[in-house]
Each structure stands twice: as C-alpha cells, then as structure tokens.
file work.cif (mmCIF, C-alpha atoms)
data_entry
loop_
_atom_site.label_atom_id
_atom_site.label_comp_id
_atom_site.auth_asym_id
_atom_site.auth_seq_id
_atom_site.Cartn_x
_atom_site.Cartn_y
_atom_site.Cartn_z
CA MET A 1 41.99 52.10 -62.48
CA GLY A 2 40.91 54.87 -64.80
CA CYS A 3 40.04 58.51 -64.23
CA PRO A 4 39.70 59.08 -60.46
CA GLU A 5 36.89 61.65 -60.72
CA ILE A 6 34.48 59.45 -58.72
CA PRO A 7 35.66 59.63 -55.10
CA VAL A 8 34.98 56.03 -54.08
CA GLN A 9 37.50 54.67 -56.56
CA THR A 10 40.60 55.67 -54.62
CA GLY A 11 39.25 54.43 -51.28
CA ILE A 12 38.07 51.13 -52.72
CA GLY A 13 41.36 50.73 -54.58
CA LEU A 14 43.30 51.13 -51.34
CA TYR A 15 40.94 48.77 -49.54
CA LEU A 16 41.17 46.09 -52.23
CA ALA A 17 44.96 46.30 -52.36
CA HIS A 18 45.11 45.93 -48.60
CA MET A 19 42.68 43.01 -48.44
CA LEU A 20 44.23 41.14 -51.36
CA THR A 21 47.72 41.59 -49.90
CA THR A 22 46.44 40.37 -46.53
CA HIS A 23 45.12 37.29 -48.31
CA ASP A 24 48.55 36.59 -49.86
CA TRP A 25 47.99 38.07 -53.30
CA ASP A 26 50.92 39.81 -54.98
CA VAL A 27 49.12 43.00 -56.02
CA LEU A 28 50.09 45.30 -58.89
CA THR A 29 47.98 48.44 -59.23
CA ALA A 30 47.67 49.88 -62.74
CA GLY A 31 46.30 53.36 -63.29
CA ASN A 32 46.52 56.48 -65.37
CA PRO A 33 48.91 59.22 -64.13
CA SER A 34 46.24 60.89 -61.95
CA VAL A 35 45.41 57.61 -60.23
CA ILE A 36 49.08 56.87 -59.59
CA SER A 37 49.59 60.35 -58.10
CA LEU A 38 46.52 60.09 -55.87
CA LEU A 39 47.58 56.72 -54.53
CA ARG A 40 51.16 57.86 -53.93
CA VAL A 41 49.91 60.86 -51.94
CA SER A 42 47.32 58.79 -50.06
CA ASP A 43 49.75 56.04 -49.11
CA PRO A 44 53.20 57.66 -48.95
CA GLU A 45 54.84 54.80 -47.08
CA LYS A 46 53.27 52.18 -49.36
CA HIS A 47 51.45 50.35 -46.59
CA TYR A 48 48.58 49.44 -48.92
CA ILE A 49 49.72 50.05 -52.50
CA ARG A 50 53.13 48.50 -52.87
CA LYS A 51 53.58 48.22 -56.62
CA MET A 52 52.15 50.51 -59.29
CA ILE A 53 52.39 50.75 -63.07
CA ASP A 54 51.05 53.01 -65.78
CA LEU A 55 47.83 51.51 -67.16
CA ASP A 56 48.72 51.64 -70.85
CA ARG A 57 52.19 50.29 -70.18
CA CYS A 58 50.66 47.40 -68.25
CA ILE A 59 48.34 46.58 -71.15
CA GLY A 60 51.27 46.70 -73.55
CA ASP A 61 53.20 44.30 -71.33
CA ILE A 62 50.28 41.84 -71.31
CA VAL A 63 49.77 42.05 -75.08
CA GLU A 64 53.48 41.44 -75.62
CA LYS A 65 53.40 38.48 -73.17
CA HIS A 66 55.75 40.07 -70.64
CA ARG A 67 53.12 39.87 -67.89
CA ASN A 68 49.97 37.98 -67.06
CA PHE A 69 47.75 37.82 -64.02
CA ASP A 70 45.64 35.23 -62.22
CA LEU A 71 43.14 37.90 -61.24
CA CYS A 72 42.32 41.25 -62.82
CA ILE A 73 39.95 43.76 -61.22
CA VAL A 74 38.85 46.61 -63.48
CA PHE A 75 37.21 49.78 -62.18
CA ALA A 76 34.65 51.19 -64.63
CA HIS A 77 32.52 54.29 -64.21
CA ASN A 78 32.33 55.33 -67.85
CA ASP A 79 32.35 53.87 -71.35
CA ALA A 80 36.15 53.96 -71.45
CA GLY A 81 36.29 51.76 -68.36
CA ILE A 82 34.14 49.15 -70.10
CA SER A 83 36.47 49.34 -73.11
CA TYR A 84 39.45 48.67 -70.86
CA ALA A 85 37.62 45.74 -69.24
CA ALA A 86 36.79 44.26 -72.67
CA THR A 87 40.43 44.62 -73.61
CA MET A 88 41.55 42.81 -70.47
CA HIS A 89 39.08 40.02 -71.21
CA HIS A 90 40.61 39.63 -74.65
CA ILE A 91 44.31 39.82 -73.77
CA SER A 92 44.49 38.21 -70.33
CA THR A 93 43.66 34.66 -69.30
CA GLY A 94 42.99 35.26 -65.59
CA ARG A 95 39.77 35.69 -63.65
CA LEU A 96 38.22 39.05 -64.53
CA ILE A 97 36.08 41.08 -62.13
CA VAL A 98 34.64 44.40 -63.29
CA ILE A 99 33.59 46.85 -60.58
CA VAL A 100 30.99 49.13 -62.17
CA PHE A 101 30.24 52.18 -60.04
CA GLY A 102 29.07 55.78 -60.25
CA ARG A 103 25.68 57.30 -61.00
CA ASN A 104 25.26 55.38 -64.27
CA ALA A 105 26.47 52.06 -62.95
CA GLU A 106 23.48 49.99 -64.05
CA THR A 107 23.36 51.46 -67.56
CA LEU A 108 27.08 50.92 -67.95
CA ALA A 109 26.91 47.36 -66.65
CA ALA A 110 24.35 46.58 -69.36
CA LEU A 111 27.05 47.31 -71.98
CA ILE A 112 29.14 44.37 -70.77
CA ASP A 113 28.64 41.56 -73.27
CA PHE A 114 31.80 39.56 -72.59
CA PRO A 115 32.33 36.88 -69.93
CA CYS A 116 33.35 38.32 -66.56
CA GLU A 117 32.12 38.75 -63.01
CA THR A 118 30.56 42.10 -62.20
CA ILE A 119 30.06 44.07 -59.01
CA VAL A 120 27.60 46.87 -59.69
CA GLU A 121 26.76 49.67 -57.27
CA LYS A 122 25.72 53.31 -57.76
CA ALA A 123 28.46 54.42 -55.40
CA VAL A 124 29.86 57.93 -55.82
CA HIS A 125 30.94 59.31 -52.42
CA ASN A 126 30.01 56.55 -49.99
CA PRO A 127 32.00 53.34 -50.50
CA ASN A 128 30.25 51.19 -47.89
CA GLU A 129 27.69 49.38 -50.07
CA LEU A 130 30.28 48.76 -52.74
CA ARG A 131 32.72 47.46 -50.15
CA LYS A 132 30.07 45.07 -48.82
CA LYS A 133 29.50 43.64 -52.30
CA ILE A 134 33.24 43.23 -52.82
CA ASP A 135 33.52 41.47 -49.46
CA GLU A 136 30.76 39.07 -50.52
CA VAL A 137 32.46 38.22 -53.81
CA PHE A 138 35.77 37.49 -52.12
CA GLY A 139 34.26 35.87 -49.02
CA TRP A 140 35.67 38.53 -46.72
CA ARG A 141 32.49 39.46 -44.88
CA ALA A 142 33.22 37.54 -41.73
CA SER A 143 36.75 38.85 -41.44
CA THR A 144 35.81 42.51 -41.85
CA ARG A 145 32.97 42.75 -39.36
CA MET B 1 57.10 56.01 -85.06
CA ALA B 2 56.18 59.28 -83.36
CA CYS B 3 53.92 59.38 -80.31
CA ILE B 4 50.26 59.57 -81.27
CA ASP B 5 49.93 62.87 -79.40
CA GLU B 6 52.57 64.43 -81.65
CA ILE B 7 51.24 63.21 -84.99
CA GLU B 8 49.15 65.48 -87.19
CA LYS B 9 45.63 64.12 -86.99
CA GLU B 10 41.96 64.90 -87.49
CA VAL B 11 39.61 64.14 -84.60
CA LEU B 12 36.38 62.86 -86.14
CA LEU B 13 34.62 62.07 -82.85
CA SER B 14 35.55 63.02 -79.31
CA GLY B 15 34.23 61.75 -75.98
CA ALA B 16 32.38 59.07 -77.89
CA SER B 17 31.48 55.52 -76.93
CA PHE B 18 33.16 52.52 -78.50
CA ALA B 19 29.86 51.65 -80.19
CA GLU B 20 29.56 55.13 -81.73
CA CYS B 21 33.08 54.88 -83.13
CA ARG B 22 32.41 51.49 -84.68
CA ALA B 23 29.12 52.68 -86.18
CA TYR B 24 30.78 55.79 -87.63
CA VAL B 25 33.55 53.79 -89.31
CA GLU B 26 31.13 51.20 -90.68
CA LYS B 27 28.86 53.89 -92.08
CA LYS B 28 31.44 56.25 -93.59
CA TYR B 29 34.26 54.08 -94.90
CA PRO B 30 34.03 51.54 -97.73
CA GLU B 31 37.28 49.80 -96.80
CA ILE B 32 36.93 48.40 -93.28
CA TYR B 33 39.08 45.99 -91.32
CA TYR B 34 38.55 44.53 -87.86
CA VAL B 35 41.26 44.04 -85.26
CA ASP B 36 41.33 42.69 -81.74
CA PRO B 37 41.85 44.77 -78.58
CA GLY B 38 45.55 45.26 -78.00
CA TYR B 39 46.34 45.67 -81.73
CA LYS B 40 49.32 48.01 -81.94
CA ILE B 41 48.95 51.10 -84.08
CA PHE B 42 51.10 54.24 -83.97
CA ASP B 43 52.96 52.62 -81.06
CA ARG B 44 49.80 52.37 -78.93
CA HIS B 45 47.68 49.35 -78.14
CA ILE B 46 44.05 49.84 -79.13
CA ILE B 47 41.64 49.66 -76.21
CA GLY B 48 38.10 48.61 -76.95
CA VAL B 49 35.29 46.14 -77.26
CA PRO B 50 35.79 43.70 -80.13
CA PRO B 51 35.33 43.78 -83.04
CA ILE B 52 37.24 47.03 -83.36
CA ALA B 53 36.58 48.62 -86.74
CA ILE B 54 39.35 50.49 -88.56
CA GLY B 55 38.45 52.45 -91.67
CA LEU B 56 40.87 53.08 -94.52
CA GLU B 57 40.74 55.73 -97.20
CA ASN B 58 43.86 55.38 -99.36
CA ASP B 59 46.64 56.08 -96.83
CA PHE B 60 44.35 57.58 -94.18
CA VAL B 61 43.71 55.34 -91.17
CA VAL B 62 40.59 55.91 -89.03
CA PHE B 63 40.66 54.20 -85.65
CA PRO B 64 39.39 54.58 -82.06
CA PHE B 65 41.75 55.87 -79.36
CA THR B 66 40.59 55.56 -75.76
CA LYS B 67 41.73 57.67 -72.84
CA PRO B 68 40.48 56.72 -69.37
CA CYS B 69 39.31 60.23 -68.46
CA TYR B 70 37.97 61.46 -71.77
CA GLY B 71 36.38 58.46 -73.40
CA THR B 72 37.07 57.37 -76.94
CA PHE B 73 38.25 59.57 -79.80
CA LEU B 74 37.98 58.57 -83.43
CA LEU B 75 41.20 59.68 -85.11
CA LYS B 76 42.12 60.03 -88.79
CA ILE B 77 45.83 59.93 -89.53
CA GLU B 78 47.65 59.67 -92.86
CA CYS B 79 50.32 56.96 -92.83
CA HIS B 80 51.04 54.59 -95.72
CA GLU B 81 52.92 52.15 -93.48
CA GLU B 82 50.12 51.77 -90.92
CA ALA B 83 47.43 51.56 -93.62
CA GLN B 84 49.28 48.72 -95.31
CA ARG B 85 49.81 46.99 -91.97
CA VAL B 86 46.06 47.12 -91.24
CA ARG B 87 45.37 45.67 -94.71
CA LEU B 88 47.81 42.85 -93.94
CA LEU B 89 46.84 42.04 -90.34
CA GLY B 90 43.19 43.09 -90.06
CA LYS B 91 40.17 40.99 -90.93
CA LYS B 92 38.41 42.52 -93.92
CA LYS B 93 34.73 43.20 -93.65
CA ARG B 94 32.68 40.87 -95.82
CA LYS B 95 30.34 42.63 -98.22
#

call {"tool": "encode", "arguments": {"input": "work.cif", "output": "structure tokens"}}
result
Amino acid sequence: MGCPEIPVQTGIGLYLAHMLTTHDWDVLTAGNPSVISLLRVSDPEKHYIRKMIDLDRCIGDIVEKHRNFDLCIVFAHNDAGISYAATMHHISTGRLIVIVFGRNAETLAALIDFPCETIVEKAVHNPNELRKKIDEVFGWRASTR
Amino acid sequence: MACIDEIEKEVLLSGASFAECRAYVEKKYPEIYYVDPGYKIFDRHIIGVPPIAIGLENDFVVFPFTKPCYGTFLLKIECHEEAQRVRLLGKKKRK
C-alpha cells in the first residue's frame, strides 16, 4: 500500500486483510510509514491487520530471496503505484492482483503492460463499488451479503 | 554506502512518471544501461517498470528513484563504484 491520500485505500486494506485472514490466508501488510501509522491507529488491537512491514524493506526481502508470497495485492492510485506493481511482477512468483483506484483509475490501468489481474474502479471516498469487485474476484459475494 | 537521502545529488526530474524518466535518460545520455526492477543501487532497490534505463556520464549515475507519495524522481549522483557496477551488471543499450 502506497500513499494513503485516497480515503478508500485504508478501509479496503482493512477489509481485505480481514477477509483474507477469515479465508485462512496468512496476511502481511506492506506500506509506507504513513500507511503503517494509519492502520495501527485504525486497528489498535490488531483485529484485522496482524502483521505489517515497511514497503521498501519488504521489496528488499523479496529481491534477496528472504520472502516470497503466493498472492500479492498492490494498491495503485498513481504512477508510482503502477511502478511498484511492475516491480512485484518482476521479483515475485505469486499471483498478482493490482487494485487501481482513484479519479484516474482507468487512465492508470491502461499503463499496465505486464501480466496481472486488475480490479479497476474510480473509487475515492466510497469503497462500496470497489469492495463489490474485490468480492467478485475472490468469490466472496455470497458470504458478504 | 550512505543512505540515498543523505548523498549529495542533483534532481533532474521530480514527480515524474517512469516513462518520462526512461525517455529523459535515453535522450540525454550516450552511455545507457538497462537493469531489472529490484536492482540495488545506493543501498536501495530500484522500483519501476522494466526496462529501467540508467544513464552514465563518467562517474555520474542517473537513475529513477520512486517514492509512493511523490512519484518518481530522476537523480544524478557521482559515484565511481556505482557507475562501474552498472557497467558490469547492466545490459548495455545497442546502438
């Protein structure tokens, strides 16, 4: 998770961590210092976000073969987010899903020219449509309604 | 190696896209090498869309540096050791 300036990112991040944990995934949330702080304040008892790591440290660990993941979900609402997603595609062998959101979501999504799954939604403040698309990708619709 | 934030550097582009950084390097520098995302330079792993272009001008190294909040910066830093490492490990642009 990159810069948390778009409000839906934190809510969707908490939701995804919760749903993945509920479905038996061992979830590690990587973010820049602002993201980590926001999540710590939002979930002080770690009900939803149990493990966190600095984003650049996490990438270093993957490059140096200290970590790898079966599934990587990248949040992208700017060009830097797409760069991080491209990097994950190159260094990690797991399934890659890029959530492209924010006012320029469709333009940004068009920059993706590497193999991955995308979830694209112009979500800024309201996470509901984005959440629905995420539920569809993971097959969670029935269990969340 | 000192942290990239503490090294004397020139910022050639700020808040740029990865494509703008690559185009700038390819246009301005005669000696160009390409590296993969994750390539370590100045103790940081380069973030970006491959191929990532690094320009060299004697001992000056020109490379993209991405921050999640601020986009990509194109930095120019003088370092003989890193320049030689790029020449050794990078893929040279064919003329």

call {"tool": "closest_residue", "arguments": {"input": "work.cif", "among": "A:Tyr15, A:Phe114, A:Tyr84, A:Phe75", "to": "Ile99 of chain A", "atoms": "all atoms listed in the file"}}
result
A:Phe75

call {"tool": "closest_residue", "arguments": {"input": "work.cif", "among": "A:Asp79, A:Leu71, A:Arg40, A:Ala109", "to": "Trp25 of chain A", "atoms": "only C-alpha atoms"}}
result
A:Leu71

call {"tool": "interface_residues", "arguments": {"input": "work.cif", "of": "chain A", "to": "chain B", "cutoff": "10 Å", "atoms": "all atoms listed in the file", "output": "mmCIF file with C-alpha atoms, in the frame of the given file"}}
result
data_model
loop_
_atom_site.group_PDB
_atom_site.id
_atom_site.type_symbol
_atom_site.label_atom_id
_atom_site.label_comp_id
_atom_site.auth_asym_id
_atom_site.auth_seq_id
_atom_site.Cartn_x
_atom_site.Cartn_y
_atom_site.Cartn_z
ATOM 1 C CA MET A 1 41.990 52.100 -62.480
ATOM 2 C CA GLY A 2 40.910 54.870 -64.800
ATOM 3 C CA CYS A 3 40.040 58.510 -64.230
ATOM 4 C CA PRO A 4 39.700 59.080 -60.460
ATOM 5 C CA GLU A 5 36.890 61.650 -60.720
ATOM 6 C CA GLY A 31 46.300 53.360 -63.290
ATOM 7 C CA ASN A 32 46.520 56.480 -65.370
ATOM 8 C CA SER A 34 46.240 60.890 -61.950
ATOM 9 C CA LEU A 55 47.830 51.510 -67.160
ATOM 10 C CA ASP A 56 48.720 51.640 -70.850
ATOM 11 C CA ARG A 57 52.190 50.290 -70.180
ATOM 12 C CA ILE A 59 48.340 46.580 -71.150
ATOM 13 C CA GLY A 60 51.270 46.700 -73.550
ATOM 14 C CA ILE A 62 50.280 41.840 -71.310
ATOM 15 C CA VAL A 63 49.770 42.050 -75.080
ATOM 16 C CA GLU A 64 53.480 41.440 -75.620
ATOM 17 C CA ALA A 76 34.650 51.190 -64.630
ATOM 18 C CA HIS A 77 32.520 54.290 -64.210
ATOM 19 C CA ASN A 78 32.330 55.330 -67.850
ATOM 20 C CA ASP A 79 32.350 53.870 -71.350
ATOM 21 C CA ALA A 80 36.150 53.960 -71.450
ATOM 22 C CA GLY A 81 36.290 51.760 -68.360
ATOM 23 C CA ILE A 82 34.140 49.150 -70.100
ATOM 24 C CA SER A 83 36.470 49.340 -73.110
ATOM 25 C CA TYR A 84 39.450 48.670 -70.860
ATOM 26 C CA ALA A 85 37.620 45.740 -69.240
ATOM 27 C CA ALA A 86 36.790 44.260 -72.670
ATOM 28 C CA THR A 87 40.430 44.620 -73.610
ATOM 29 C CA MET A 88 41.550 42.810 -70.470
ATOM 30 C CA HIS A 89 39.080 40.020 -71.210
ATOM 31 C CA HIS A 90 40.610 39.630 -74.650
ATOM 32 C CA ILE A 91 44.310 39.820 -73.770
ATOM 33 C CA LEU A 111 27.050 47.310 -71.980
ATOM 34 C CA ILE A 112 29.140 44.370 -70.770
ATOM 35 C CA ASP A 113 28.640 41.560 -73.270
ATOM 36 C CA PHE A 114 31.800 39.560 -72.590
#

call {"tool": "atom_distance", "arguments": {"input": "work.cif", "atom1": "atom CA of Gly102 of chain A", "atom2": "atom CA of Ile134 of chain A"}}
result
15.2 Å

call {"tool": "atom_distance", "arguments": {"input": "work.cif", "atom1": "atom CA of Ile73 of chain A", "atom2": "atom CA of Ala23 of chain B"}}
result
28.6 Å

call {"tool": "resolve_selection", "arguments": {"input": "work.cif", "expression": "the PyMOL selection byres ((chain A and resi 97) around 8)", "output": "PDB file with C-alpha atoms, in the frame of the given file"}}
result
ATOM      1  CA  LEU A  71      43.140  37.900 -61.240  1.00  0.00           C
ATOM      2  CA  CYS A  72      42.320  41.250 -62.820  1.00  0.00           C
ATOM      3  CA  ILE A  73      39.950  43.760 -61.220  1.00  0.00           C
ATOM      4  CA  VAL A  74      38.850  46.610 -63.480  1.00  0.00           C
ATOM      5  CA  ARG A  95      39.770  35.690 -63.650  1.00  0.00           C
ATOM      6  CA  LEU A  96      38.220  39.050 -64.530  1.00  0.00           C
ATOM      7  CA  VAL A  98      34.640  44.400 -63.290  1.00  0.00           C
ATOM      8  CA  ILE A  99      33.590  46.850 -60.580  1.00  0.00           C
ATOM      9  CA  CYS A 116      33.350  38.320 -66.560  1.00  0.00           C
ATOM     10  CA  GLU A 117      32.120  38.750 -63.010  1.00  0.00           C
ATOM     11  CA  THR A 118      30.560  42.100 -62.200  1.00  0.00           C
ATOM     12  CA  ILE A 119      30.060  44.070 -59.010  1.00  0.00           C
TER      13      ILE A 119
END

call {"tool": "axis_aligned_box", "arguments": {"input": "work.cif", "around": "segment 43-53 of chain B", "padding_each_side": "3 Å", "output": "lines of an AutoDock Vina configuration file"}}
result
center_x = 44.1
center_y = 48.2
center_z = -81.5
size_x = 23.7
size_y = 14.9
size_z = 16.5

call {"tool": "atom_distance", "arguments": {"input": "work.cif", "atom1": "atom CA of Asp43 of chain A", "atom2": "atom CA of Leu14 of chain A"}}
result
8.4 Å

call {"tool": "residues_around", "arguments": {"input": "work.cif", "residues": "Lys133 of chain A", "least_positions_apart": "2", "cutoff": "12 Å", "atoms": "only C-alpha atoms", "output": "list in words"}}
result
Ile12, Leu16, Ile99, Val100, Phe101, Thr118, Ile119, Val120, Glu121, Lys122, Ala123, Pro127, Asn128, Glu129, Leu130, Arg131, Asp135, Glu136, Val137, Phe138, Gly139, Trp140 and Arg141 of chain A

call {"tool": "resolve_selection", "arguments": {"input": "work.cif", "expression": "the PyMOL selection byres ((chain A and resi 17) around 8)", "output": "list in words"}}
result
Gly13, Leu14, Tyr15, Leu16, His18, Met19, Leu20, Thr21, Val27, Thr29, Tyr48 and Ile49 of chain A

call {"tool": "resolve_selection", "arguments": {"input": "work.cif", "expression": "the PyMOL selection byres ((chain B and resi 35) around 7)", "output": "list in words"}}
result
Tyr33, Tyr34, Asp36, Pro37, Tyr39, Pro51, Ile52, Ala53, Gly90 and Lys91 of chain B
